[in-house]
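Structure record follows, encoded as structure tokens.
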Amino acid sequence: MRILIVEDERKLASFLKKGLIENNFEADVAYDGKNAEKLIKQNEYDLIILDIILPDTSGLKLCEKFKQQNPLRPVLMLTALGTTDDKVSGFDAGADDYLVKPFEFRELLARIRALLKRFSDFVESSNKLVVADLELDLDKKAARRGDKVIELTAKEFLLLEYLMRNSGRVISRNDIATKVWGSDTDVNTNVVDVYVNFLRKKIDRGFDKKLIHTRVGLGYLIDDK
Ligand code: CA
């Protein structure tokens, strides 16, 4: 289990890192928002510990961004701001738990474990693919982006599932044709283009952030960058 600590008080950050490593977690530290975003792109984290007052940004803004990128990755806010209003803004920003400084390390540890458990149960039981705010429920055969429910035909569902299982990777039109239409069907790759456009209309239309991307001459990919 790998945890990202976003905390600008260096002493506290290294205390946290040491404590987590002693408890068999892997841990990285970012002292500001910029580095936090960099590390998130480079590594897979199972949980983020996030301070609110950071030198270059607000932890609340970061939290919103992180939850948008991956709603199933828990964020625990750690902060000196302890009023009810502060907590409410933390939860509004998508935080999954909130711990006020000063705190005891063993309480933090207990909360981390509880969060990880809650989220792993959720991931396993829900059987969902997630890219940014797009969710594909493989059991219910349902798709949604944010609050919007997306109706998909069977082929569109298969195509989206294939793209999402390979999110971040460019998939060639031939591979898509073979996987979605079957190897013995002689599907013209134009069909792939047509279906990708159907998906685009359903998934990206009306959203500022486009998730389906074309790489000319190479194929298609889905990701949130
Ligand atoms: Ca701070």
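Residues in the structure tokens are numbered from 1 in each chain, the chains being A, B, ... in the order shown, and ligands are numbered from 1 in the order shown.
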As a PyMOL selection string, please: every protein or nucleic acid residue near ligand 1 (cut-off 6 Å, counting only C-alpha atoms and all ligand atoms). chain A and resi 7-9+51+53-54
Could the residues in this selection be written to a file with all heavy atoms, as a PDB file, in the first residue's frame?
ATOM      1  N   GLU A   7       2.224  17.722   2.616  1.00  0.00           N
ATOM      2  CA  GLU A   7       2.363  18.449   3.886  1.00  0.00           C
ATOM      3  C   GLU A   7       3.590  19.353   3.793  1.00  0.00           C
ATOM      4  O   GLU A   7       4.675  18.878   3.471  1.00  0.00           O
ATOM      5  CB  GLU A   7       2.519  17.421   5.031  1.00  0.00           C
ATOM      6  CG  GLU A   7       2.898  17.988   6.369  1.00  0.00           C
ATOM      7  CD  GLU A   7       1.865  18.967   6.893  1.00  0.00           C
ATOM      8  OE1 GLU A   7       0.757  18.535   7.267  1.00  0.00           O
ATOM      9  OE2 GLU A   7       2.171  20.187   6.924  1.00  0.00           O
ATOM     10  N   ASP A   8       3.405  20.654   4.054  1.00  0.00           N
ATOM     11  CA  ASP A   8       4.541  21.555   3.911  1.00  0.00           C
ATOM     12  C   ASP A   8       5.367  21.722   5.195  1.00  0.00           C
ATOM     13  O   ASP A   8       6.455  22.260   5.159  1.00  0.00           O
ATOM     14  CB  ASP A   8       4.088  22.927   3.397  1.00  0.00           C
ATOM     15  CG  ASP A   8       3.113  23.604   4.336  1.00  0.00           C
ATOM     16  OD1 ASP A   8       2.266  22.893   4.920  1.00  0.00           O
ATOM     17  OD2 ASP A   8       3.193  24.824   4.510  1.00  0.00           O
ATOM     18  N   GLU A   9       4.834  21.283   6.332  1.00  0.00           N
ATOM     19  CA  GLU A   9       5.664  21.311   7.549  1.00  0.00           C
ATOM     20  C   GLU A   9       6.590  20.112   7.499  1.00  0.00           C
ATOM     21  O   GLU A   9       6.163  18.975   7.698  1.00  0.00           O
ATOM     22  CB  GLU A   9       4.784  21.217   8.801  1.00  0.00           C
ATOM     23  CG  GLU A   9       4.005  22.469   9.108  1.00  0.00           C
ATOM     24  CD  GLU A   9       2.981  22.206  10.210  1.00  0.00           C
ATOM     25  OE1 GLU A   9       3.378  21.666  11.270  1.00  0.00           O
ATOM     26  OE2 GLU A   9       1.799  22.494   9.989  1.00  0.00           O
ATOM     27  N   ASP A  51      -2.747  18.074   3.575  1.00  0.00           N
ATOM     28  CA  ASP A  51      -2.815  19.273   4.404  1.00  0.00           C
ATOM     29  C   ASP A  51      -3.655  20.316   3.651  1.00  0.00           C
ATOM     30  O   ASP A  51      -3.734  20.278   2.421  1.00  0.00           O
ATOM     31  CB  ASP A  51      -1.372  19.766   4.596  1.00  0.00           C
ATOM     32  CG  ASP A  51      -1.291  20.990   5.483  1.00  0.00           C
ATOM     33  OD1 ASP A  51      -2.212  21.209   6.289  1.00  0.00           O
ATOM     34  OD2 ASP A  51      -0.289  21.713   5.354  1.00  0.00           O
ATOM     35  N   ILE A  53      -3.554  24.016   4.186  1.00  0.00           N
ATOM     36  CA  ILE A  53      -2.837  25.246   3.833  1.00  0.00           C
ATOM     37  C   ILE A  53      -1.451  24.897   3.312  1.00  0.00           C
ATOM     38  O   ILE A  53      -0.561  24.497   4.049  1.00  0.00           O
ATOM     39  CB  ILE A  53      -2.763  26.196   5.050  1.00  0.00           C
ATOM     40  CG1 ILE A  53      -4.187  26.519   5.517  1.00  0.00           C
ATOM     41  CG2 ILE A  53      -2.037  27.484   4.665  1.00  0.00           C
ATOM     42  CD1 ILE A  53      -4.238  27.243   6.834  1.00  0.00           C
ATOM     43  N   LEU A  54      -1.314  25.032   2.000  1.00  0.00           N
ATOM     44  CA  LEU A  54      -0.057  24.695   1.337  1.00  0.00           C
ATOM     45  C   LEU A  54       0.523  25.973   0.729  1.00  0.00           C
ATOM     46  O   LEU A  54      -0.207  26.927   0.476  1.00  0.00           O
ATOM     47  CB  LEU A  54      -0.317  23.651   0.241  1.00  0.00           C
ATOM     48  CG  LEU A  54      -0.757  22.274   0.764  1.00  0.00           C
ATOM     49  CD1 LEU A  54      -1.377  21.457  -0.340  1.00  0.00           C
ATOM     50  CD2 LEU A  54       0.428  21.547   1.392  1.00  0.00           C
TER      51      LEU A  54
END
Find the spatial neighbours of stretch 191-195 of chain A, counting only C-alpha atoms, within a cut-off of 10 Å - ignore same-chain residues fewer than 3 positions away - and output them as a PyMOL selection string. chain A and resi 155-156+159-160+172-177+180-181+187-188+198-201+214+219-220
Using only C-alpha atoms, find each residue of stretch 75-190 of chain A with at least one atom at most 12 Å away from an atom of stretch 17-35 of chain A; report its shortest atom-to-atom pair and that distance in Å (one decimal), sort the rows by chain and rising residue number, and return the result as a tab-separated table.
residue	atom	partner	partner_atom	distance
A:Glu104	CA	A:Gly19	CA	11.2
A:Phe105	CA	A:Gly19	CA	7.7
A:Arg106	CA	A:Gly19	CA	9.3
A:Glu107	CA	A:Gly19	CA	12.0
A:Leu108	CA	A:Leu20	CA	9.8
A:Leu109	CA	A:Leu20	CA	7.9
A:Ala110	CA	A:Asn23	CA	11.2
A:Ile112	CA	A:Leu20	CA	10.0
A:Arg113	CA	A:Phe25	CA	10.7
A:Leu116	CA	A:Phe25	CA	11.8
Proximity to A:Met164 - best of A:Ile150, A:Val196, A:Leu129, A:Leu211, only C-alpha atoms: A:Leu129
I'd like the interatomic distance between atom CA of A:Ile52 and atom CA of A:Gly94, to a tenth of an Å.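 These atoms are spaced 12.8 Å apart.
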Spatial neighbours of A:Lys202, 9 Å, only C-alpha atoms, chain gap at least 5 places, as JSON, numbers by chain: {"A": [150, 151, 152, 197]}
Go ahead and save the picked residues with N, CA, C and O atoms, as an mmCIF file, in the first residue's frame.
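Done, and the output landed in part-v1.cif:
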data_model
loop_
_atom_site.group_PDB
_atom_site.id
_atom_site.type_symbol
_atom_site.label_atom_id
_atom_site.label_comp_id
_atom_site.auth_asym_id
_atom_site.auth_seq_id
_atom_site.Cartn_x
_atom_site.Cartn_y
_atom_site.Cartn_z
ATOM 1 N N ILE A 150 -25.520 7.352 -18.795
ATOM 2 C CA ILE A 150 -25.276 7.229 -20.232
ATOM 3 C C ILE A 150 -25.825 5.894 -20.728
ATOM 4 O O ILE A 150 -25.456 4.835 -20.225
ATOM 5 N N GLU A 151 -26.699 5.976 -21.704
ATOM 6 C CA GLU A 151 -27.265 4.761 -22.297
ATOM 7 C C GLU A 151 -26.344 4.290 -23.407
ATOM 8 O O GLU A 151 -26.007 5.053 -24.306
ATOM 9 N N LEU A 152 -25.958 3.027 -23.340
ATOM 10 C CA LEU A 152 -25.059 2.497 -24.360
ATOM 11 C C LEU A 152 -25.665 1.270 -25.017
ATOM 12 O O LEU A 152 -26.329 0.465 -24.359
ATOM 13 N N ASN A 197 -17.054 7.645 -32.543
ATOM 14 C CA ASN A 197 -17.787 8.910 -32.580
ATOM 15 C C ASN A 197 -19.108 8.832 -31.825
ATOM 16 O O ASN A 197 -19.502 9.791 -31.165
#
Neighbour list for A:Cys63 as a list of chain:residue names, cut-off 10 Å, only C-alpha atoms, skip fewer than 2 positions in-chain: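 Contacts, in chain order: A:Ile48, A:Ile49, A:Leu50, A:Asp51, A:Ile52, A:Ser58, A:Gly59, A:Leu60, A:Lys61, A:Lys65, A:Phe66, A:Lys67, A:Gln68, A:Gln69, A:Pro74, A:Val75, A:Leu76, A:Met77, A:Gly90, A:Phe91, A:Asp92, A:Ala93, A:Gly94, A:Ala95, A:Asp96.
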A:Gly82 surroundings by only C-alpha atoms, 12 Å radius, close-in-sequence under 6 positions cut, as a list in words: Ile52, Val88, Ser89, Gly90, Tyr98, Leu99, Val100, Lys101, Pro102 and Phe103 of chain A
Keeping N, CA, C and O atoms, export the residues of the selection given above as a PDB file, in the first residue's frame.
ATOM      1  N   ILE A  52      -4.285  21.246   4.372  1.00  0.00           N
ATOM      2  CA  ILE A  52      -5.110  22.222   3.652  1.00  0.00           C
ATOM      3  C   ILE A  52      -4.328  23.460   3.239  1.00  0.00           C
ATOM      4  O   ILE A  52      -4.393  23.907   2.095  1.00  0.00           O
ATOM      5  N   VAL A  88     -16.674  20.912   7.134  1.00  0.00           N
ATOM      6  CA  VAL A  88     -17.677  20.827   6.071  1.00  0.00           C
ATOM      7  C   VAL A  88     -17.051  21.170   4.720  1.00  0.00           C
ATOM      8  O   VAL A  88     -17.285  20.476   3.727  1.00  0.00           O
ATOM      9  N   SER A  89     -16.183  22.200   4.681  1.00  0.00           N
ATOM     10  CA  SER A  89     -15.586  22.503   3.367  1.00  0.00           C
ATOM     11  C   SER A  89     -14.687  21.368   2.920  1.00  0.00           C
ATOM     12  O   SER A  89     -14.584  21.105   1.725  1.00  0.00           O
ATOM     13  N   GLY A  90     -14.036  20.712   3.868  1.00  0.00           N
ATOM     14  CA  GLY A  90     -13.218  19.554   3.513  1.00  0.00           C
ATOM     15  C   GLY A  90     -14.054  18.456   2.899  1.00  0.00           C
ATOM     16  O   GLY A  90     -13.727  17.917   1.842  1.00  0.00           O
ATOM     17  N   TYR A  98     -11.203  13.299   7.986  1.00  0.00           N
ATOM     18  CA  TYR A  98     -10.693  14.597   8.369  1.00  0.00           C
ATOM     19  C   TYR A  98     -10.102  14.475   9.759  1.00  0.00           C
ATOM     20  O   TYR A  98     -10.778  14.025  10.689  1.00  0.00           O
ATOM     21  N   LEU A  99      -8.835  14.831   9.910  1.00  0.00           N
ATOM     22  CA  LEU A  99      -8.198  14.721  11.220  1.00  0.00           C
ATOM     23  C   LEU A  99      -7.560  16.070  11.558  1.00  0.00           C
ATOM     24  O   LEU A  99      -6.862  16.658  10.737  1.00  0.00           O
ATOM     25  N   VAL A 100      -7.844  16.551  12.778  1.00  0.00           N
ATOM     26  CA  VAL A 100      -7.375  17.888  13.157  1.00  0.00           C
ATOM     27  C   VAL A 100      -6.061  17.784  13.940  1.00  0.00           C
ATOM     28  O   VAL A 100      -5.921  16.943  14.823  1.00  0.00           O
ATOM     29  N   LYS A 101      -5.118  18.653  13.578  1.00  0.00           N
ATOM     30  CA  LYS A 101      -3.839  18.723  14.288  1.00  0.00           C
ATOM     31  C   LYS A 101      -4.039  19.437  15.615  1.00  0.00           C
ATOM     32  O   LYS A 101      -4.779  20.415  15.631  1.00  0.00           O
ATOM     33  N   PRO A 102      -3.361  19.088  16.683  1.00  0.00           N
ATOM     34  CA  PRO A 102      -2.469  17.931  16.784  1.00  0.00           C
ATOM     35  C   PRO A 102      -3.266  16.642  16.971  1.00  0.00           C
ATOM     36  O   PRO A 102      -4.385  16.681  17.454  1.00  0.00           O
ATOM     37  N   PHE A 103      -2.669  15.539  16.536  1.00  0.00           N
ATOM     38  CA  PHE A 103      -3.380  14.260  16.625  1.00  0.00           C
ATOM     39  C   PHE A 103      -2.376  13.210  17.059  1.00  0.00           C
ATOM     40  O   PHE A 103      -1.168  13.434  17.036  1.00  0.00           O
TER      41      PHE A 103
END
Step one, run DSSP on the backbone; step two, keep only residues of stretch 47-156 of chain A assigned to strand (DSSP E); then write them as a PyMOL selection string. chain A and resi 47-51+75-79+97-100+128-131+134-137+142-145+148-150
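You will find atom CA of A:Tyr45 at 5.5 Å from atom CA of A:Ile3.
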